[in-house]
>>> print(open('final-v9.txt').read())   # compact mmCIF, C-alpha atoms
# COMPACT_ATOMS: atom_id res chain seq x y z
CA MET O 20 1.32 23.15 25.93
CA THR O 21 3.33 21.32 28.54
CA ASP O 22 3.71 18.59 25.98
CA ARG O 23 5.50 20.93 23.70
CA LYS O 24 7.99 21.94 26.35
CA SER O 25 8.72 18.39 27.41
CA SER O 26 9.24 17.29 23.86
CA ARG O 27 11.76 20.03 23.32
CA LYS O 28 13.61 19.01 26.42
CA PHE O 29 13.57 15.45 25.17
CA GLY O 30 14.93 16.62 21.85
CA ASP O 31 17.79 18.46 23.60
CA PHE O 32 18.52 15.44 25.66
CA SER O 33 18.95 13.26 22.62
CA SER O 34 21.21 16.02 21.22
CA ARG O 35 19.93 15.39 17.71
CA ASP O 36 18.05 18.17 15.97
CA SER O 37 16.47 15.80 13.50
CA PHE O 38 14.88 13.83 16.28
CA SER O 39 13.11 16.81 17.80
CA ASP O 40 12.06 17.95 14.33
CA GLU O 41 10.61 14.54 13.69
CA HIS O 42 8.79 14.70 16.99
CA GLU O 43 7.26 18.04 16.11
CA ASP O 44 6.30 16.71 12.71
CA LEU O 45 4.63 13.74 14.33
CA LYS O 46 2.67 16.03 16.61
CA ARG O 47 1.52 18.20 13.77
CA LEU O 48 0.48 15.09 11.89
CA GLY O 49 -1.40 13.89 14.94
CA LYS O 50 -3.27 17.18 15.13
CA ARG O 51 -4.14 17.01 11.46
CA LEU O 52 -5.25 13.40 11.85
CA ARG O 53 -7.52 14.32 14.73
CA GLU O 54 -9.07 17.12 12.69
CA ALA O 55 -9.54 14.85 9.72
CA ARG O 56 -11.11 12.18 11.93
CA LYS O 57 -13.53 14.73 13.37
CA GLY O 58 -14.72 15.62 9.88
CA GLU O 59 -14.91 11.96 8.98
CA ALA O 60 -16.99 11.14 12.04
CA ALA O 61 -19.49 13.87 11.19
CA GLU O 62 -19.68 12.59 7.65
CA GLU O 63 -20.11 9.05 8.95
CA GLU O 64 -23.02 10.16 11.12
CA HIS O 65 -24.53 11.81 8.10
CA ARG O 66 -24.38 8.64 6.05
CA GLN O 67 -25.56 6.38 8.88
CA ARG O 68 -24.98 2.92 7.49
CA ALA O 69 -26.94 3.80 4.39
CA ASP O 70 -23.84 3.08 2.34
CA SER O 71 -23.61 -0.59 3.26
CA LEU O 72 -24.53 -1.53 -0.26
CA PRO O 73 -24.37 0.79 -3.22
CA ASN O 74 -27.92 1.72 -4.13
CA ASN O 75 -27.64 2.87 -7.71
CA GLY O 76 -30.80 2.04 -9.64
CA LEU O 77 -29.41 -0.44 -12.14
CA GLY O 78 -27.57 -2.44 -9.50
CA VAL O 79 -30.66 -2.70 -7.32
CA ALA O 80 -32.80 -3.72 -10.29
CA LEU O 81 -30.33 -6.43 -11.26
CA ARG O 82 -30.10 -7.71 -7.67
CA ILE O 83 -33.89 -7.86 -7.35
CA GLY O 84 -34.20 -9.70 -10.65
CA ILE O 85 -31.56 -12.28 -9.77
CA GLU O 86 -33.01 -12.77 -6.29
CA LEU O 87 -36.51 -13.41 -7.67
CA VAL O 88 -35.49 -15.72 -10.51
CA VAL O 89 -33.00 -17.79 -8.52
CA ALA O 90 -35.54 -18.63 -5.78
CA VAL O 91 -38.06 -19.81 -8.40
CA PHE O 92 -35.41 -22.01 -10.01
CA VAL O 93 -34.29 -23.44 -6.67
CA GLY O 94 -37.90 -24.24 -5.74
CA ALA O 95 -38.64 -25.83 -9.10
CA GLY O 96 -35.37 -27.77 -8.93
CA ILE O 97 -36.17 -29.17 -5.49
CA GLY O 98 -39.65 -30.18 -6.71
CA PHE O 99 -38.27 -31.78 -9.85
CA PHE O 100 -35.73 -33.92 -8.04
CA LEU O 101 -38.17 -34.89 -5.26
CA ASP O 102 -40.60 -35.95 -7.99
CA ARG O 103 -37.96 -38.05 -9.71
CA TRP O 104 -37.03 -39.65 -6.40
CA LEU O 105 -40.59 -40.32 -5.14
CA GLY O 106 -42.19 -40.91 -8.54
CA THR O 107 -44.93 -38.36 -7.99
CA GLN O 108 -44.66 -36.40 -11.25
CA PRO O 109 -45.73 -33.60 -11.60
CA TRP O 110 -47.26 -32.67 -8.24
CA LEU O 111 -44.24 -31.81 -6.12
CA LEU O 112 -42.79 -29.80 -9.01
CA LEU O 113 -45.96 -27.70 -9.06
CA VAL O 114 -46.05 -27.27 -5.28
CA PHE O 115 -42.38 -26.34 -4.99
CA PHE O 116 -42.61 -24.03 -7.99
CA MET O 117 -45.26 -22.07 -6.09
CA LEU O 118 -43.20 -22.13 -2.90
CA GLY O 119 -40.14 -20.99 -4.82
CA THR O 120 -42.07 -18.10 -6.30
CA ALA O 121 -43.26 -17.15 -2.81
CA ALA O 122 -39.68 -17.34 -1.53
CA GLY O 123 -38.54 -15.15 -4.41
CA PHE O 124 -41.13 -12.51 -3.64
CA MET O 125 -40.24 -12.69 0.04
CA ASN O 126 -36.57 -12.13 -0.81
CA VAL O 127 -37.53 -9.09 -2.88
CA ILE O 128 -39.81 -7.66 -0.17
CA ARG O 129 -37.04 -8.11 2.40
CA MET O 130 -34.57 -6.37 0.13
CA ALA O 131 -36.95 -3.49 -0.41
CA GLN O 132 -37.72 -3.13 3.28
CA SER O 133 -34.21 -3.32 4.68
CA GLU O 134 -32.08 -0.20 4.74
CA THR O 135 -29.17 -1.92 3.15
CA LEU O 136 -31.20 -3.29 0.24
CA SER O 137 -29.64 -6.67 0.69
CA PRO O 138 -31.30 -10.06 0.52
CA GLY O 139 -31.58 -12.30 3.53
CA ASN O 140 -32.60 -9.75 6.13
CA LYS O 141 -35.58 -10.31 8.32
CA LEU O 142 -38.80 -8.44 7.72
CA ASP O 143 -38.52 -6.20 10.75
CA GLY O 144 -35.69 -3.95 11.79
CA PRO O 145 -32.33 -3.13 10.27
CA ALA O 146 -29.81 -5.67 9.05
CA VAL O 147 -27.84 -5.70 12.28
CA ASP O 148 -29.27 -5.46 15.73
CA ASP O 149 -26.10 -5.97 17.66
CA GLU O 150 -25.75 -6.14 21.40
CA ASP O 151 -22.84 -3.76 21.52
CA ASP O 152 -24.39 -0.67 20.01
CA MET F 10 -7.75 -17.78 -35.47
CA ALA F 11 -9.18 -14.93 -37.54
CA GLU F 12 -12.76 -15.98 -36.83
CA ASN F 13 -11.92 -16.50 -33.17
CA ALA F 14 -10.78 -12.90 -32.88
CA ASN F 15 -14.29 -11.67 -33.64
CA ASP F 16 -16.03 -14.11 -31.33
CA PRO F 17 -16.90 -12.25 -28.12
CA MET F 18 -17.08 -15.52 -26.17
CA HIS F 19 -13.60 -16.66 -27.19
CA GLN F 20 -12.09 -14.88 -24.18
CA PHE F 21 -13.81 -17.33 -21.82
CA VAL F 22 -12.38 -20.52 -23.36
CA ILE F 23 -10.41 -22.66 -20.93
CA ASN F 24 -7.12 -24.07 -22.22
CA LYS F 25 -5.06 -26.74 -20.56
CA ILE F 26 -1.53 -25.65 -19.81
CA ALA F 27 -0.28 -28.81 -18.12
CA ASP F 28 -2.23 -32.05 -18.45
CA PHE F 29 -2.70 -33.76 -15.12
CA GLN F 30 -5.12 -36.60 -14.34
CA ILE F 31 -5.75 -38.56 -11.14
CA GLY F 32 -8.10 -41.55 -11.17
CA GLY F 33 -10.23 -40.30 -14.04
CA LEU F 34 -10.45 -36.81 -12.55
CA ASP F 35 -9.18 -34.06 -14.81
CA LEU F 36 -7.04 -31.90 -12.55
CA SER F 37 -5.13 -30.20 -15.35
CA PHE F 38 -3.50 -26.85 -14.73
CA THR F 39 -5.50 -24.51 -16.98
CA ASN F 40 -5.34 -20.84 -17.87
CA SER F 41 -8.03 -20.38 -15.24
CA SER F 42 -5.77 -21.93 -12.58
CA LEU F 43 -2.90 -19.79 -13.81
CA TRP F 44 -4.87 -16.56 -13.31
CA MET F 45 -6.08 -17.71 -9.89
CA VAL F 46 -2.47 -18.29 -8.89
CA ALA F 47 -1.65 -14.87 -10.33
CA ALA F 48 -4.43 -13.28 -8.27
CA VAL F 49 -3.25 -14.92 -5.05
CA ALA F 50 0.37 -14.01 -5.83
CA THR F 51 -0.58 -10.38 -6.59
CA VAL F 52 -2.45 -9.95 -3.32
CA SER F 53 0.22 -11.73 -1.26
CA LEU F 54 3.11 -9.84 -2.83
CA PHE F 55 1.31 -6.52 -2.56
CA MET F 56 0.37 -7.01 1.08
CA MET F 57 3.80 -8.30 2.10
CA SER F 58 5.76 -5.62 0.29
CA ALA F 59 3.40 -2.86 1.42
CA MET F 60 3.61 -3.86 5.06
CA SER F 61 7.30 -4.78 5.11
CA GLY F 62 8.28 -1.25 6.20
CA ARG F 63 5.91 -1.25 9.20
CA ALA F 64 6.35 2.50 9.41
CA LEU F 65 4.50 4.53 12.03
CA ILE F 66 3.65 7.06 9.35
CA PRO F 67 2.63 4.87 6.43
CA GLY F 68 4.01 5.46 2.98
CA ARG F 69 1.85 5.36 -0.10
CA MET F 70 1.76 1.56 -0.43
CA GLN F 71 1.31 0.96 3.27
CA SER F 72 -1.59 3.43 3.29
CA VAL F 73 -3.36 1.44 0.62
CA ALA F 74 -2.85 -1.80 2.54
CA GLU F 75 -4.07 -0.22 5.78
CA LEU F 76 -7.06 1.32 3.99
CA CYS F 77 -7.91 -2.11 2.66
CA TYR F 78 -7.70 -3.59 6.15
CA GLU F 79 -9.86 -0.89 7.73
CA PHE F 80 -12.38 -1.04 4.93
CA ILE F 81 -12.98 -4.75 5.45
CA SER F 82 -12.83 -4.63 9.24
CA ASN F 83 -15.47 -1.87 9.29
CA MET F 84 -17.59 -3.87 6.89
CA VAL F 85 -17.39 -6.99 9.07
CA ARG F 86 -18.06 -5.04 12.28
CA ASP F 87 -21.02 -3.15 10.79
CA ASN F 88 -22.70 -6.19 9.30
CA ALA F 89 -21.79 -9.13 11.54
CA GLY F 90 -21.09 -7.40 14.86
CA THR F 91 -17.92 -7.52 16.96
CA GLU F 92 -18.26 -11.27 17.27
CA GLY F 93 -18.07 -11.53 13.51
CA MET F 94 -14.49 -10.25 13.65
CA LYS F 95 -13.27 -13.84 14.06
CA PHE F 96 -14.27 -14.24 10.42
CA PHE F 97 -12.28 -11.17 9.39
CA PRO F 98 -9.40 -13.17 7.83
CA PHE F 99 -11.89 -15.18 5.80
CA VAL F 100 -13.83 -12.15 4.54
CA PHE F 101 -10.59 -10.31 3.79
CA THR F 102 -9.35 -13.28 1.77
CA VAL F 103 -12.63 -13.54 -0.15
CA PHE F 104 -12.67 -9.82 -0.91
CA THR F 105 -9.05 -9.54 -2.03
CA PHE F 106 -9.25 -12.74 -4.08
CA VAL F 107 -12.42 -11.71 -5.92
CA LEU F 108 -11.19 -8.15 -6.36
CA SER F 109 -7.83 -9.18 -7.78
CA CYS F 110 -9.44 -11.79 -10.04
CA ASN F 111 -11.82 -9.14 -11.38
CA MET F 112 -9.08 -6.54 -11.78
CA LEU F 113 -6.60 -8.94 -13.43
CA GLY F 114 -9.44 -9.80 -15.81
CA MET F 115 -9.42 -6.18 -16.97
CA ILE F 116 -5.91 -6.56 -18.41
CA PRO F 117 -6.18 -7.06 -22.18
CA TYR F 118 -5.62 -10.69 -23.29
CA SER F 119 -5.97 -11.91 -19.72
CA PHE F 120 -8.53 -14.39 -18.45
CA THR F 121 -11.35 -13.45 -16.05
CA VAL F 122 -11.57 -16.27 -13.51
CA THR F 123 -14.80 -14.94 -11.98
CA SER F 124 -16.62 -15.09 -15.32
CA HIS F 125 -17.02 -18.86 -14.85
CA ILE F 126 -19.97 -19.81 -12.66
CA ILE F 127 -18.24 -22.86 -11.26
CA VAL F 128 -15.56 -20.65 -9.68
CA THR F 129 -18.04 -18.25 -8.10
CA PHE F 130 -20.30 -21.09 -7.07
CA ALA F 131 -17.41 -22.87 -5.36
CA LEU F 132 -16.70 -19.67 -3.41
CA ALA F 133 -20.37 -19.29 -2.48
CA ALA F 134 -20.57 -22.98 -1.48
CA VAL F 135 -17.60 -22.52 0.87
CA ILE F 136 -19.29 -19.46 2.40
CA ILE F 137 -22.65 -21.17 2.92
CA THR F 138 -20.94 -24.29 4.34
CA ILE F 139 -19.15 -22.11 6.87
CA VAL F 140 -22.44 -20.39 7.75
CA LEU F 141 -24.19 -23.75 8.21
CA VAL F 142 -21.42 -25.47 10.17
CA TYR F 143 -20.63 -22.50 12.39
CA GLY F 144 -24.33 -21.69 12.93
CA LEU F 145 -25.06 -25.28 14.00
CA LEU F 146 -21.97 -25.52 16.22
CA ARG F 147 -22.61 -22.21 17.93
CA ASN F 148 -26.40 -22.24 18.26
CA GLY F 149 -27.24 -25.94 18.05
CA PHE F 150 -30.88 -26.56 17.31
CA LYS F 151 -31.72 -22.86 17.72
CA PHE F 152 -30.07 -22.28 14.34
CA PHE F 153 -33.19 -23.71 12.69
CA GLY F 154 -35.09 -20.76 14.13
CA LEU F 155 -33.75 -19.04 11.03
CA PHE F 156 -36.32 -21.00 9.05
CA LEU F 157 -39.32 -19.87 11.10
CA PRO F 158 -39.49 -16.08 11.49
CA SER F 159 -40.68 -14.95 14.90
CA GLY F 160 -44.28 -13.76 15.02
CA VAL F 161 -45.52 -16.31 12.51
CA PRO F 162 -48.48 -18.35 13.84
CA TRP F 163 -47.75 -22.08 14.25
CA TRP F 164 -50.25 -23.20 11.60
CA MET F 165 -48.31 -21.19 9.01
CA ALA F 166 -45.20 -23.28 9.67
CA PRO F 167 -45.87 -25.93 6.98
CA ILE F 168 -45.85 -23.14 4.38
CA MET F 169 -43.28 -20.80 5.90
CA VAL F 170 -40.59 -23.39 6.61
CA PRO F 171 -40.29 -24.64 2.99
CA ILE F 172 -40.33 -21.03 1.77
CA GLU F 173 -37.58 -20.07 4.20
CA VAL F 174 -35.56 -23.16 3.30
CA ILE F 175 -35.83 -22.33 -0.41
CA SER F 176 -34.92 -18.73 0.36
CA PHE F 177 -31.85 -19.93 2.29
CA LEU F 178 -30.81 -22.37 -0.45
CA SER F 179 -31.16 -19.66 -3.09
CA ARG F 180 -28.53 -17.54 -1.33
CA PRO F 181 -25.36 -19.28 -2.53
CA ILE F 182 -26.83 -19.48 -6.03
CA SER F 183 -27.84 -15.83 -6.24
CA LEU F 184 -24.49 -14.88 -4.69
CA SER F 185 -22.56 -16.77 -7.36
CA VAL F 186 -24.87 -15.89 -10.25
CA ARG F 187 -24.61 -12.17 -9.46
CA LEU F 188 -20.83 -12.08 -9.64
CA PHE F 189 -20.55 -14.42 -12.62
CA ALA F 190 -23.33 -12.71 -14.63
CA ASN F 191 -21.87 -9.24 -14.09
CA MET F 192 -18.38 -10.28 -15.15
CA LEU F 193 -19.55 -12.38 -18.11
CA ALA F 194 -21.96 -9.74 -19.41
CA GLY F 195 -19.54 -6.85 -18.96
CA HIS F 196 -16.65 -8.55 -20.72
CA THR F 197 -18.87 -9.79 -23.54
CA VAL F 198 -20.34 -6.33 -24.16
CA LEU F 199 -16.82 -4.90 -24.13
CA LYS F 200 -15.69 -7.40 -26.77
CA VAL F 201 -18.80 -6.81 -28.90
CA PHE F 202 -18.20 -3.05 -29.02
CA ALA F 203 -14.51 -3.59 -29.71
CA GLY F 204 -15.57 -5.92 -32.54
CA PHE F 205 -17.71 -3.14 -34.02
CA VAL F 206 -14.69 -0.87 -34.14
CA VAL F 207 -12.78 -3.47 -36.16
CA SER F 208 -15.61 -4.31 -38.54
CA ILE F 209 -16.61 -0.69 -39.22
CA GLY F 210 -12.97 0.31 -39.47
CA SER F 211 -12.31 -2.35 -42.10
CA VAL F 212 -14.94 -0.86 -44.43
CA GLY F 213 -12.53 1.86 -45.47
CA GLY F 214 -13.13 5.34 -46.86
CA LEU F 215 -15.22 7.95 -45.07
CA ALA F 216 -17.35 5.25 -43.40
CA MET F 217 -14.35 4.51 -41.20
CA LEU F 218 -15.20 7.63 -39.21
CA GLY F 219 -18.28 5.79 -37.95
CA ALA F 220 -15.95 3.59 -35.92
CA ILE F 221 -15.44 6.50 -33.53
CA VAL F 222 -18.86 5.85 -31.99
CA PRO F 223 -18.24 2.26 -30.81
CA LEU F 224 -14.68 3.22 -29.88
CA ALA F 225 -15.97 5.93 -27.54
CA MET F 226 -18.51 3.48 -26.20
CA ALA F 227 -15.85 0.84 -25.54
CA THR F 228 -13.69 3.41 -23.76
CA ALA F 229 -16.58 4.42 -21.51
CA LEU F 230 -17.42 0.76 -20.89
CA ILE F 231 -13.88 0.03 -19.73
CA GLY F 232 -14.35 2.65 -17.01
CA LEU F 233 -17.69 1.14 -16.10
CA GLU F 234 -16.14 -2.34 -16.02
CA PHE F 235 -13.50 -1.22 -13.51
CA LEU F 236 -16.35 0.10 -11.34
CA VAL F 237 -18.28 -3.16 -11.73
CA ALA F 238 -15.15 -5.20 -10.93
CA PHE F 239 -14.76 -3.38 -7.61
CA LEU F 240 -18.48 -3.20 -6.85
CA GLN F 241 -19.04 -6.91 -7.37
CA ALA F 242 -16.13 -7.84 -5.10
CA PHE F 243 -17.58 -5.44 -2.53
CA ILE F 244 -21.12 -6.84 -2.80
CA PHE F 245 -19.82 -10.42 -2.68
CA SER F 246 -17.96 -9.78 0.57
CA ILE F 247 -20.68 -7.65 2.20
CA LEU F 248 -23.24 -10.39 1.54
CA THR F 249 -20.77 -12.87 3.05
CA CYS F 250 -20.81 -10.70 6.18
CA ILE F 251 -24.62 -10.56 6.22
CA TYR F 252 -24.88 -14.35 5.90
CA LEU F 253 -22.27 -14.82 8.63
CA ASN F 254 -24.40 -12.51 10.78
CA ASP F 255 -27.26 -14.98 10.40
CA ALA F 256 -25.00 -17.78 11.62
CA ILE F 257 -23.96 -15.72 14.64
CA HIS F 258 -27.39 -14.22 15.48
CA PRO F 259 -29.95 -16.63 13.98
CA SER F 260 -32.96 -15.46 16.01
CA HIS F 261 -33.30 -12.08 14.34
>>> encode(input="final-v9.txt", output="structure tokens")
Amino acid sequence: MTDRKSSRKFGDFSSRDSFSDEHEDLKRLGKRLREARKGEAAEEEHRQRADSLPNNGLGVALRIGIELVVAVFVGAGIGFFLDRWLGTQPWLLLVFFMLGTAAGFMNVIRMAQSETLSPGNKLDGPAVDDEDD
Amino acid sequence: MAENANDPMHQFVINKIADFQIGGLDLSFTNSSLWMVAAVATVSLFMMSAMSGRALIPGRMQSVAELCYEFISNMVRDNAGTEGMKFFPFVFTVFTFVLSCNMLGMIPYSFTVTSHIIVTFALAAVIITIVLVYGLLRNGFKFFGLFLPSGVPWWMAPIMVPIEVISFLSRPISLSVRLFANMLAGHTVLKVFAGFVVSIGSVGGLAMLGAIVPLAMATALIGLEFLVAFLQAFIFSILTCIYLNDAIHPSH
């Protein structure tokens, strides 16, 4: 209210109509921005971090599959190369194949339990447990 | 050439543009390198031209650039905390590079850089190296707490530690395989359906009308591929943030 008056005075002072018009425009834009932000904030609250990763069925299925298979391959690979190095065929391959399978299942369980459906989160709690919020 | 046109995998062939060898290493400039340079140039030119005005009220281009910035900064802050913001330039670079590589790959006759696993694996290796080095520098020995979840009894350690190590090592691989597999599969399926249009269309007569079905399918798939191109860049960068979060807060 007082803002409006002072801006007009400022516009007169600069003796350019376009300047005061621009100022008014800016203010109107600011008001609209604030309104838009309010709506956005409400929407944000509604979504509540659930949108961190897109959770469409096919994408989740593909992610789970890759997560499971890759861990098995990594485990088997580690076992294979340790075997070759230490000459203990085939025992370490078998052990690490099992461990890799366990790691794969753990990845999948973590994905399923976390809100964000992303691999690599710990079993308990949400993905981020930050100090500042 | 005629048989190449029908081969759905022909689009992934790497051709040397300029031969260049150093000490037995083949460092030739290939079509892959060319499209990587194109991706970097596209992002750089877009960002610089969009932000050159530095207007208080952004124009159309500047809005897009600012949207991009806010999108990534929110992603980093949500997933890696405020402290993770020091990695913002890195995550922004990864996102824009992968996104522009994927999107440039959607141009007909272009080359999709991210459909080669070595490219995505190199990106993932850089990410995991940063996570390891930064995690060790910042947290020292405590970083290895990542490999033993809290609440696990000590006698479980001989089993849990190898499992956690395998789980950690599988991250860069699943990260790279996800991006590469999506791009490779999508572009191959697109080519296969486009190939159906040609082969049914060449039959002639009334049977040519059958080509409408794969044509419609290919059109729908192009839309889907644009979605996948964006989604995979998004997932790649959000997982980067989540892994960086582990380097910053390893005890969780």
>>> residues_around(input="final-v9.txt", residues="Met125 in chain O", least_positions_apart="3", cutoff="9 Å", atoms="all atoms listed in the file", output="PDB file with C-alpha atoms, keeping the file's coordinate frame")
ATOM      1  CA  LEU O  87     -36.510 -13.410  -7.670  1.00  0.00           C
ATOM      2  CA  THR O 120     -42.070 -18.100  -6.300  1.00  0.00           C
ATOM      3  CA  ALA O 121     -43.260 -17.150  -2.810  1.00  0.00           C
ATOM      4  CA  ALA O 122     -39.680 -17.340  -1.530  1.00  0.00           C
ATOM      5  CA  ILE O 128     -39.810  -7.660  -0.170  1.00  0.00           C
ATOM      6  CA  ARG O 129     -37.040  -8.110   2.400  1.00  0.00           C
ATOM      7  CA  MET O 130     -34.570  -6.370   0.130  1.00  0.00           C
ATOM      8  CA  LEU O 142     -38.800  -8.440   7.720  1.00  0.00           C
TER       9      LEU O 142
ATOM     10  CA  ILE F 172     -40.330 -21.030   1.770  1.00  0.00           C
ATOM     11  CA  GLU F 173     -37.580 -20.070   4.200  1.00  0.00           C
ATOM     12  CA  SER F 176     -34.920 -18.730   0.360  1.00  0.00           C
TER      13      SER F 176
END
>>> interface_residues(input="final-v9.txt", of="chain F", to="chain O", cutoff="10 Å", atoms="all atoms listed in the file", output="number ranges by chain")
F: 65-66, 84, 86-92, 155, 158-159, 168-184, 186-187, 190-191, 237, 240-241, 243-244, 247-248, 251-252, 254-255, 258, 260-261
>>> atom_distance(input="final-v9.txt", atom1="CA of Met56 in chain F", atom2="CA of Thr105 in chain F")
10.2 Å
>>> residues_around(input="final-v9.txt", residues="range 135-151 of chain F", least_positions_apart="2", cutoff="6 Å", atoms="all atoms listed in the file", output="ChimeraX atom specification")
/F:132-133,153-154,253,256
>>> atom_distance(input="final-v9.txt", atom1="CA of Leu218 in chain F", atom2="CA of Glu234 in chain F")
25.3 Å
>>> atom_distance(input="final-v9.txt", atom1="CA of Ala27 in chain F", atom2="CA of Trp44 in chain F")
13.9 Å
>>> residues_around(input="final-v9.txt", residues="Phe106 in chain F", least_positions_apart="4", cutoff="9 Å", atoms="all atoms listed in the file", output="PDB file with C-alpha atoms, in the coordinates of the input")
ATOM      1  CA  MET F  45      -6.080 -17.710  -9.890  1.00  0.00           C
ATOM      2  CA  ALA F  48      -4.430 -13.280  -8.270  1.00  0.00           C
ATOM      3  CA  VAL F  49      -3.250 -14.920  -5.050  1.00  0.00           C
ATOM      4  CA  VAL F  52      -2.450  -9.950  -3.320  1.00  0.00           C
ATOM      5  CA  PHE F 101     -10.590 -10.310   3.790  1.00  0.00           C
ATOM      6  CA  THR F 102      -9.350 -13.280   1.770  1.00  0.00           C
ATOM      7  CA  CYS F 110      -9.440 -11.790 -10.040  1.00  0.00           C
ATOM      8  CA  ASN F 111     -11.820  -9.140 -11.380  1.00  0.00           C
ATOM      9  CA  ALA F 242     -16.130  -7.840  -5.100  1.00  0.00           C
TER      10      ALA F 242
END
>>> residues_around(input="final-v9.txt", residues="range 225-233 of chain F", least_positions_apart="3", cutoff="12 Å", atoms="all atoms listed in the file", output="MDAnalysis selection string")
chainID F and resid 112 114:117 191:192 194:207 218:222 236:241
>>> closest_residue(input="final-v9.txt", among="F:Leu193, F:Val85, F:Met217, F:Met18", to="Phe97 in chain F", atoms="all atoms listed in the file")
F:Val85
>>> decode(input="final-v9.txt", residues="range 191-210 of chain F", atoms="N, CA and C atoms", output="PDB file, in the first residue's frame")
ATOM      1  N   ASN F 191      19.009 -49.586 -21.574  1.00  0.00           N
ATOM      2  CA  ASN F 191      17.817 -48.856 -22.004  1.00  0.00           C
ATOM      3  C   ASN F 191      18.002 -48.218 -23.366  1.00  0.00           C
ATOM      4  N   MET F 192      19.163 -47.583 -23.575  1.00  0.00           N
ATOM      5  CA  MET F 192      19.389 -46.897 -24.849  1.00  0.00           C
ATOM      6  C   MET F 192      19.542 -47.906 -25.980  1.00  0.00           C
ATOM      7  N   LEU F 193      20.327 -48.967 -25.725  1.00  0.00           N
ATOM      8  CA  LEU F 193      20.548 -49.985 -26.761  1.00  0.00           C
ATOM      9  C   LEU F 193      19.233 -50.653 -27.154  1.00  0.00           C
ATOM     10  N   ALA F 194      18.471 -51.100 -26.128  1.00  0.00           N
ATOM     11  CA  ALA F 194      17.232 -51.814 -26.408  1.00  0.00           C
ATOM     12  C   ALA F 194      16.235 -50.915 -27.132  1.00  0.00           C
ATOM     13  N   GLY F 195      16.086 -49.694 -26.637  1.00  0.00           N
ATOM     14  CA  GLY F 195      15.114 -48.774 -27.246  1.00  0.00           C
ATOM     15  C   GLY F 195      15.409 -48.508 -28.706  1.00  0.00           C
ATOM     16  N   HIS F 196      16.694 -48.197 -28.997  1.00  0.00           N
ATOM     17  CA  HIS F 196      17.040 -47.862 -30.377  1.00  0.00           C
ATOM     18  C   HIS F 196      16.953 -49.085 -31.289  1.00  0.00           C
ATOM     19  N   THR F 197      17.268 -50.257 -30.743  1.00  0.00           N
ATOM     20  CA  THR F 197      17.172 -51.470 -31.561  1.00  0.00           C
ATOM     21  C   THR F 197      15.710 -51.756 -31.907  1.00  0.00           C
ATOM     22  N   VAL F 198      14.832 -51.680 -30.889  1.00  0.00           N
ATOM     23  CA  VAL F 198      13.409 -51.941 -31.132  1.00  0.00           C
ATOM     24  C   VAL F 198      12.854 -50.955 -32.168  1.00  0.00           C
ATOM     25  N   LEU F 199      13.284 -49.701 -32.028  1.00  0.00           N
ATOM     26  CA  LEU F 199      12.846 -48.672 -32.978  1.00  0.00           C
ATOM     27  C   LEU F 199      13.236 -49.051 -34.407  1.00  0.00           C
ATOM     28  N   LYS F 200      14.487 -49.482 -34.577  1.00  0.00           N
ATOM     29  CA  LYS F 200      14.975 -49.868 -35.901  1.00  0.00           C
ATOM     30  C   LYS F 200      14.248 -51.095 -36.433  1.00  0.00           C
ATOM     31  N   VAL F 201      13.967 -52.057 -35.522  1.00  0.00           N
ATOM     32  CA  VAL F 201      13.291 -53.285 -35.949  1.00  0.00           C
ATOM     33  C   VAL F 201      11.903 -52.951 -36.490  1.00  0.00           C
ATOM     34  N   PHE F 202      11.166 -52.103 -35.762  1.00  0.00           N
ATOM     35  CA  PHE F 202       9.818 -51.753 -36.222  1.00  0.00           C
ATOM     36  C   PHE F 202       9.879 -50.943 -37.511  1.00  0.00           C
ATOM     37  N   ALA F 203      10.867 -50.060 -37.611  1.00  0.00           N
ATOM     38  CA  ALA F 203      11.027 -49.294 -38.845  1.00  0.00           C
ATOM     39  C   ALA F 203      11.356 -50.238 -39.998  1.00  0.00           C
ATOM     40  N   GLY F 204      12.131 -51.299 -39.699  1.00  0.00           N
ATOM     41  CA  GLY F 204      12.462 -52.294 -40.721  1.00  0.00           C
ATOM     42  C   GLY F 204      11.226 -53.028 -41.203  1.00  0.00           C
ATOM     43  N   PHE F 205      10.279 -53.307 -40.280  1.00  0.00           N
ATOM     44  CA  PHE F 205       9.030 -53.958 -40.666  1.00  0.00           C
ATOM     45  C   PHE F 205       8.261 -53.113 -41.665  1.00  0.00           C
ATOM     46  N   VAL F 206       8.254 -51.799 -41.424  1.00  0.00           N
ATOM     47  CA  VAL F 206       7.527 -50.909 -42.333  1.00  0.00           C
ATOM     48  C   VAL F 206       8.078 -51.071 -43.741  1.00  0.00           C
ATOM     49  N   VAL F 207       9.411 -51.093 -43.860  1.00  0.00           N
ATOM     50  CA  VAL F 207      10.043 -51.186 -45.176  1.00  0.00           C
ATOM     51  C   VAL F 207       9.735 -52.541 -45.823  1.00  0.00           C
ATOM     52  N   SER F 208       9.887 -53.619 -45.021  1.00  0.00           N
ATOM     53  CA  SER F 208       9.738 -54.938 -45.648  1.00  0.00           C
ATOM     54  C   SER F 208       8.272 -55.240 -45.995  1.00  0.00           C
ATOM     55  N   ILE F 209       7.332 -54.811 -45.166  1.00  0.00           N
ATOM     56  CA  ILE F 209       5.921 -55.020 -45.518  1.00  0.00           C
ATOM     57  C   ILE F 209       5.534 -54.109 -46.676  1.00  0.00           C
ATOM     58  N   GLY F 210       6.069 -52.885 -46.628  1.00  0.00           N
ATOM     59  CA  GLY F 210       5.749 -51.921 -47.681  1.00  0.00           C
ATOM     60  C   GLY F 210       6.262 -52.357 -49.041  1.00  0.00           C
TER      61      GLY F 210
END
